[in-house]
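Notes follow the structure.
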Amino acid sequence: MTRPSRRGIEARRRMVALSMLAPTLTGLLLFFGYPLVASVFYSFTRYNQLQAPQFVGLLNYRFMVTADPQIFTAARNTLWFVVVLVPARIVCALMLAGLLARAKTAVGFWRTVFYLPALVPPVASVVAFVFLFNPGTGPVNHVLSWLGIKGPLWFNDPAWSKPSLVLLGVWVMGDMMIIFLAALLDVPRELYEASSLDGANGVQQVRHVTLPTISPVLGFAAATGVIAALQYFTEAAIASQVASGKITVGGGSGTDLGYPGSSLMTYTQLLYQHGFANFQFGYASAMAVVLFLTTALVLVLVMRRIAVFRPENNS
Amino acid sequence: MTSRVHSSRPLLWVAEHTALVVLGVATVVPVVFVVLTSLMTSDQALSATIVPHPFSWDNYTHIFTQLPVARWFGNSAQYAVLATTFMLASSIPAAYALSQVRFRGANLIFTLIIVTMLLPPQVTAVPKYVLFSRLHLTGTLWPLILPNLLGDAFSIFLLRQFFLTIPKEYADAARIDGCGEWGVLRRVIVPMARPGIASAAIFLFFSSWNDYYGPLVYASENERWWPIAYGLATFRGQHGSDWSLTMALTVVIMVPVVVIFFFAQKAFVEGISLTGVKG
Amino acid sequence: MRRIVSSLAIATTAVLVTAGCSAGSGGSSGIDKSAPDKLSGTVSLWHFFSDQNADVMKQVVASFEKKYPDVKVELHDGQDDTKVQKAISAGQPIDVAVSSSSQPVGSFCSSGAFRDLQPFIDRDKVDLDDIPPAVRDYTQYKGKRCTLPMLADSTGMFYNTDLFKAAGIASPPKTLEELEADGLALTKYNPDGSIRQLGFNPLIDFYENGVGHWQPMINGTFLNADGTSAIGGSDAWKKLITWQKAYVDRIGYAKLRAFTSGLGQESQASNAFFTGQVAITIDGEWRVGKITKMKPGLPYATAPSPVMDGVGKYGASSITGNVAGIGRGSKVPELAWALLKYLTTDTAVQVELGNGVSNIPTLTSALKSPDLKVSPVYKTFVVGAADPHTVTFPATPDGAAYLQTFQKAWADYQEKGGDVNAFTANLDITIDNASKLAGP
C-alpha cells in the first residue's frame, strides 16, 4: 500500500466515524455546549422568561456570596451527603460484597435479594421509608417501642432527617454491591495464595491484596458517588414533602423546602426553587455555574485516575 | 476469598451465613411492611398492628377506579419506550465509532461524552428549559424523550464498554471481506453485543421509568403528561389521602419494575459490573 | 481547540438571538369597542381546586355554559401558581387562570403574564366598588389591574369549647396575655414529661400559624412605602417575636417540636384540632367547611384572633384570596373576559361559590346576600373580612417572597433565640437584598 492511499482510507474511515457520531455531536453542542454558555450568560442577567434578560453585572453572584440566607445551608447539607452518604454506601456495599464473595452458597439468590431495593423507583422508596419511620404511627417506632426503645422522630427531626436518608441510601446500595462483587471475584486467586505463603493473615490479605487490586473500582464508585451526591435532589425533596404533610399540589419544593427546618434543603433543590418555582432564571444560572465549577474540580481530580473514563482504552 | 474457609472454619461459615440471612431479612422487611400496610384500612395503618385485619383490597380498587393510574402508566411507558428506542438508534453507532474505529479526534469526543455524563443535569437545566419552551414543548415529556435521538452519554459509555470486549480482529476480518463500517456494525458487532445492547436498553428504560426530576421540570403543569413516579409524588398532596392508600400505589409502581427485572436479570448484572470494572 | 472556540462562538450567538425575543406576543393588544353580542368557541380555565371543590367549579362553569350555549369551557383543575406561570411563560394559550393566593400578583402584573383588565372594565363599566377595599388592593400591582378576586380567605381563632369548659375558661382570649394564660392552662403533660395536650401551639411553622396569619395580632406591616422591609423598624413585630419566643421557651422548644411532629396531617381528619390534641388554633374560614365534612361533632367555636394589647386591633383579620386573570397568550380574550367577569363580579355566582367551597365571597353584595350560608362559627370570618382594620400582604415582583424569608428566619429564631434587634435588622437586609435581586 502506498502512503497517499493509506491516508485516503484513514480519511474515509474518519468521515464514516464522524457520520456515525453526527447525531451525538449535534446533541453535545445543543444540549451541552450551548446550555453551558447560555448559563454563564444568564448568570449575569435578571431573567424571568416573560421579559427579555436584563444585564445586571455581578448582582447574582454578589447576592449569592453576601446575602442569600439559604445558600450556605444548602451547600452545607449537600456537603454532608458527600461526606457521610457516599462513604457509608461504599463501606456497606463493600462489606456485603465481601460476605457474598466468601459465601459460595446461592450467590445468585442473595445477589437478587440485595439488589431488589435498588430497583424500586426512588420516589416509591422514599415515600415508603417516610411511612415506615413516621414517628407516631410508623412500624419502625412501634417495633422499637416493643423493645423498650423510644424511637427518634426520624424524618421529622432536623438532627435525624439526614441520617434517615443515609439508611435509605444504604438500603438501595445494590448496584454498587454488584460492581464490588464482580471486582472481588476477579481478584486472581494466585495473589491470595502467594500472600498466604508469605504468612499473611486474613486482615492483612484484605489490606495488602484485596483492596489494592480492586482500588480502581472503589475509585469509580467514590467518584460517581460524589458527583451523584452533589446533585442529590429527588430523595431529599420527596422526604421533605411527605414528612411535612403540607405538600402543595405539584410538589418539588415550596415553603416546606428542606423540611424539617431546612435540614434536607440541598443545593440542587434550592436551584430548582429559584429557577422553576420563583422563575429567577438569572440567579438559578449563577448557582448552576457554581455547581458546574465544583463538579468540574472533582472531575479534574478524578478523571485521569479512573481507568474506564480514560480514552486511551479506545484502542 | 475462596471456598477454602468452608471446611477449615465451620464457625466462621455459620457466622457469615447468619449475617447474610439477617441482612437479607432486613432488606426485605421494608417491602413486606409496605405490602401489608397496603392491605389495611386507613385507621389500621395508623395503629400499632402489623398484620392487616381483615385483609382489604379496597385500596387497590380505589387506585384503579379513582385515579388516572392507567394514564400515568401509559405516559411512563411512552416515555421509557420511546427514549430507549431513540437512544439505541443514536448511541449504538456512536459507541461503535468510539470503540471499533480508529480515527483522530476520538479521544476528545469520548472525553466530552464522559464529562456530559458526569455533569449534574441542573447545570444546564435553565437554558434547556428556555430552549424547549421556545419550541412549545414544555408541558409534555418530549423534552425528555427527543434528546435521546441525539445520543445519550451514559448509554454510549456503557455500549462502548461492551463493544471494547469484542476483539478488533472480527471487525478487521469483515473489513477485509469488503464490509463498510456500517456493514461491520450491523453484521458483526450488533449480533455479538446483543447482551450489552440489552443492558443499555434496560438501564435507560428504568432511569426513564423512575425519573422524577425531569417530569417535575417539564411536565408538572400538565396532568395529562404525568408519569407514574410524578403521580405518586403528588398523590398525597392532591388527594389528602391516607397511608394505606399511598402504600398500595407504591406497590403498584414497584410491581412492573420487579417483574421486568426477573426476566432480564442477566443483562442487568452484566451491565452494572461493566460500568465500573472492565475496560 | 480552535473548533471548540468556534463552537462556543456559535453557541453564544444563539443565546443572544433567542434571549432577545421574549415568549409569545400579547399584552393589551386591542379589544373590541363594545362587548360582542354573541359568544361562541372554547375557553380554557385553569384553577387550583381539587376534589369536591373542583366539582363546585364544574357546577358553576356548567351554569356559565347554559348562559352561553355556544361556549365550551375546558377545565384544568389542581393547577398551582408555578404551573400556571410555567404554562404562560411557555406561551401556552391559557385563557383564564385562578391562583390560590395573591402572592403572584406582583410578578404576573409586572411581567405581563396576565393581561391588563382595565380596558375591559372601562368598556363594560364594571363596578369595582362592590369589592371590599383590602381585596381591591391585593388584586392589583402598582395601579395595574391584571386580576380580579375570586373568593377570599380570612383568619380567626378556633377553640375547643369542651376543653375550655373543663379548664374553667369562660370566654375566648382577646389579648395575647390571655391567649398565653389559657394556652398554658390547657396544656397537659404525660408522666414522662412530654406533652399530651397542647393549649396553643406557638411554633411559627405549625399548621396555619405564620407571619401572614399572625399579622392582625399587631396590626403589622411588612413593607415600607418604598418597598423596603418594615420589620426591623417596627417595635410591634419585635414585641410579637419576643412574646412568641418567650412562650416557646416556657414549654421548651424540643418538647413542642416532638409533640408537633407526632401530630396528624393538617388537611385530614387527623388534624390536631379535630382530635383535641390542640385546643386553640389560628386558622382560616375554610376549616369550618372541613370540620363539617370530616369531624361533624367537634365541639368548637370561633372568635377573632387575639391581639397584642394596645398594638393590634381586635376584630381584624388577615385577608388574602384567590385571584383570577387572563393569560397573555389567550387567543379568545373576549370569551376569557366573559368567563372571568361571570366568576368574579356576579353576585349569585359568588354566593354559590362561597357556599360551595366555604370561602369568603369577594363582593360586598354577596357578603350581604341572604342566600349566603353563614353559620355562627362562620360569621366570625365574614365579619372579620369586612373589618376596617383587616390587613393583607402587598404583592412584589418576586411573589411576596419576603413572607417565606421572614417565616423561615423566625422558625430558626424560635429555636436558637438571640438578640431580637439584631435578628430583625439582619432580616431587613436579607429581604431588601432579595428584592434587589428580583428587580423593580
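Ordering of the C-alpha cells sets the chain letters (A, B, ...), residue numbers begin anew at 1 in every chain, and ligands are numbered from 1 in the order given.
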
Distance cut-off 6 Å, counting only C-alpha atoms - which residues of chain A neighbour chain C? Return them as a PDB file with N, CA, C and O atoms, in the first residue's frame.
```pdb
ATOM      1  N   TYR A  34     -24.150  24.603  24.154  1.00  0.00           N
ATOM      2  CA  TYR A  34     -24.984  25.799  24.175  1.00  0.00           C
ATOM      3  C   TYR A  34     -25.513  26.109  25.580  1.00  0.00           C
ATOM      4  O   TYR A  34     -25.347  27.235  26.070  1.00  0.00           O
ATOM      5  N   ALA A  38     -24.898  29.453  27.670  1.00  0.00           N
ATOM      6  CA  ALA A  38     -26.088  30.238  27.991  1.00  0.00           C
ATOM      7  C   ALA A  38     -26.227  30.419  29.499  1.00  0.00           C
ATOM      8  O   ALA A  38     -26.615  31.490  29.968  1.00  0.00           O
ATOM      9  N   LEU A  50     -40.461  35.959  30.952  1.00  0.00           N
ATOM     10  CA  LEU A  50     -41.579  36.717  30.402  1.00  0.00           C
ATOM     11  C   LEU A  50     -41.094  38.020  29.797  1.00  0.00           C
ATOM     12  O   LEU A  50     -41.715  38.581  28.917  1.00  0.00           O
ATOM     13  N   GLN A  51     -39.969  38.504  30.323  1.00  0.00           N
ATOM     14  CA  GLN A  51     -39.368  39.696  29.750  1.00  0.00           C
ATOM     15  C   GLN A  51     -37.957  39.336  29.312  1.00  0.00           C
ATOM     16  O   GLN A  51     -37.379  38.381  29.829  1.00  0.00           O
ATOM     17  N   ALA A  52     -37.407  40.122  28.401  1.00  0.00           N
ATOM     18  CA  ALA A  52     -36.060  39.829  27.917  1.00  0.00           C
ATOM     19  C   ALA A  52     -35.061  39.917  29.064  1.00  0.00           C
ATOM     20  O   ALA A  52     -35.276  40.667  30.021  1.00  0.00           O
ATOM     21  N   ALA A  67     -25.581  37.697  50.566  1.00  0.00           N
ATOM     22  CA  ALA A  67     -26.918  37.961  51.075  1.00  0.00           C
ATOM     23  C   ALA A  67     -27.871  36.772  51.087  1.00  0.00           C
ATOM     24  O   ALA A  67     -28.857  36.794  51.810  1.00  0.00           O
ATOM     25  N   PRO A 135     -42.897   9.016  62.988  1.00  0.00           N
ATOM     26  CA  PRO A 135     -42.746   8.900  64.447  1.00  0.00           C
ATOM     27  C   PRO A 135     -43.959   8.317  65.180  1.00  0.00           C
ATOM     28  O   PRO A 135     -43.847   7.310  65.847  1.00  0.00           O
ATOM     29  N   GLY A 136     -45.119   8.933  65.032  1.00  0.00           N
ATOM     30  CA  GLY A 136     -46.246   8.495  65.834  1.00  0.00           C
ATOM     31  C   GLY A 136     -46.829   7.164  65.389  1.00  0.00           C
ATOM     32  O   GLY A 136     -47.313   6.376  66.186  1.00  0.00           O
ATOM     33  N   ASN A 156     -38.753  13.746  60.815  1.00  0.00           N
ATOM     34  CA  ASN A 156     -39.344  14.968  61.345  1.00  0.00           C
ATOM     35  C   ASN A 156     -38.428  15.714  62.300  1.00  0.00           C
ATOM     36  O   ASN A 156     -38.843  16.678  62.930  1.00  0.00           O
ATOM     37  N   GLY A 245     -46.097  16.770  55.508  1.00  0.00           N
ATOM     38  CA  GLY A 245     -47.543  16.595  55.450  1.00  0.00           C
ATOM     39  C   GLY A 245     -48.251  17.823  54.942  1.00  0.00           C
ATOM     40  O   GLY A 245     -49.463  17.935  55.017  1.00  0.00           O
ATOM     41  N   ALA A 277     -39.531  27.547  40.485  1.00  0.00           N
ATOM     42  CA  ALA A 277     -40.674  27.913  41.312  1.00  0.00           C
ATOM     43  C   ALA A 277     -40.778  29.439  41.377  1.00  0.00           C
ATOM     44  O   ALA A 277     -41.860  29.994  41.309  1.00  0.00           O
TER      45      ALA A 277
END
```

Would you list the contacts of region 73-79 of chain A as a ChimeraX atom specification, taking every protein, DNA or RNA residue within 8 Å and counting only C-alpha atoms, but skipping same-chain residues closer than 3 positions in sequence? /A:70,82-83,229-230,232,262-267,270

Can you tell me, as a list in words, what residues are no more than 9 Å from Ala125 (chain B) when counting only C-alpha atoms, ignoring any on the same chain fewer than 5 positions away?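 So, after excluding close chain neighbours, the residues are Pro35, Ser39, Tyr272, Gly275, Ser285 and Ala288 of chain A; Val130 and Val217 of chain B.
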
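Within 6 Å of chain B, and counting only C-alpha atoms, chain A contributes Arg14, Ala17, Met20, Leu21, Pro23, Thr24, Gly27, Pro35, Leu36, Arg102, Val120, Pro121, Ala124, Thr137, Ile179, Ala182, Val217, Gln231, Ile247, Thr248, Val249, Gly250, Ala288, Phe292, Val308, Pro311 and Asn314 of chain A.
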
Write down as number ranges by chain the residues of region 42-106 of chain C whose backbone DSSP state falls under strand (DSSP E). C: 42-46, 71-76, 96-99

Running DSSP on the backbone, which parts of region 149-277 of chain A land in alpha helix (DSSP H), as JSON, numbers by chain? {"A": [158, 159, 160, 161, 162, 163, 164, 165, 166, 167, 168, 169, 170, 171, 174, 175, 176, 177, 178, 179, 180, 181, 182, 183, 184, 185, 186, 189, 190, 191, 192, 193, 194, 195, 196, 197, 202, 203, 204, 205, 211, 212, 213, 214, 215, 216, 217, 218, 219, 220, 221, 222, 223, 224, 225, 226, 227, 228, 229, 230, 234, 235, 236, 237, 238, 239, 240, 241, 242, 243, 244, 267, 268, 269, 270, 271, 272]}

Quick one: residues within 7 Å of region 89-92 of chain A, only C-alpha atoms, excluding same-chain residues fewer than 5 positions away - as a PyMOL selection string? chain A and resi 169-170+173

Those same residues, written as a compact mmCIF listing (two decimals), in the first residue's frame with N, CA and C atoms?
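Listing of out05.txt after writing:
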```
# COMPACT_ATOMS: atom_id res chain seq x y z
N GLY A 169 -30.27 5.28 51.67
CA GLY A 169 -29.19 5.14 50.70
C GLY A 169 -28.47 3.81 50.82
N VAL A 170 -28.35 3.33 52.04
CA VAL A 170 -27.69 2.04 52.26
C VAL A 170 -28.62 0.91 51.80
N MET A 173 -28.30 0.15 48.02
CA MET A 173 -26.91 0.17 47.53
C MET A 173 -26.62 -0.99 46.57
```

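In this comparison, which uses only C-alpha atoms, the residue of C:Pro69, C:Gly327, C:Pro93, C:Pro304 approaching chain B most closely is C:Pro93.
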
Counting only C-alpha atoms, which residue out of C:Val135, C:Ala62, C:Val349, C:Ile94 sits closest to chain B?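 Of all the options, C:Ile94 lies closest to chain B.
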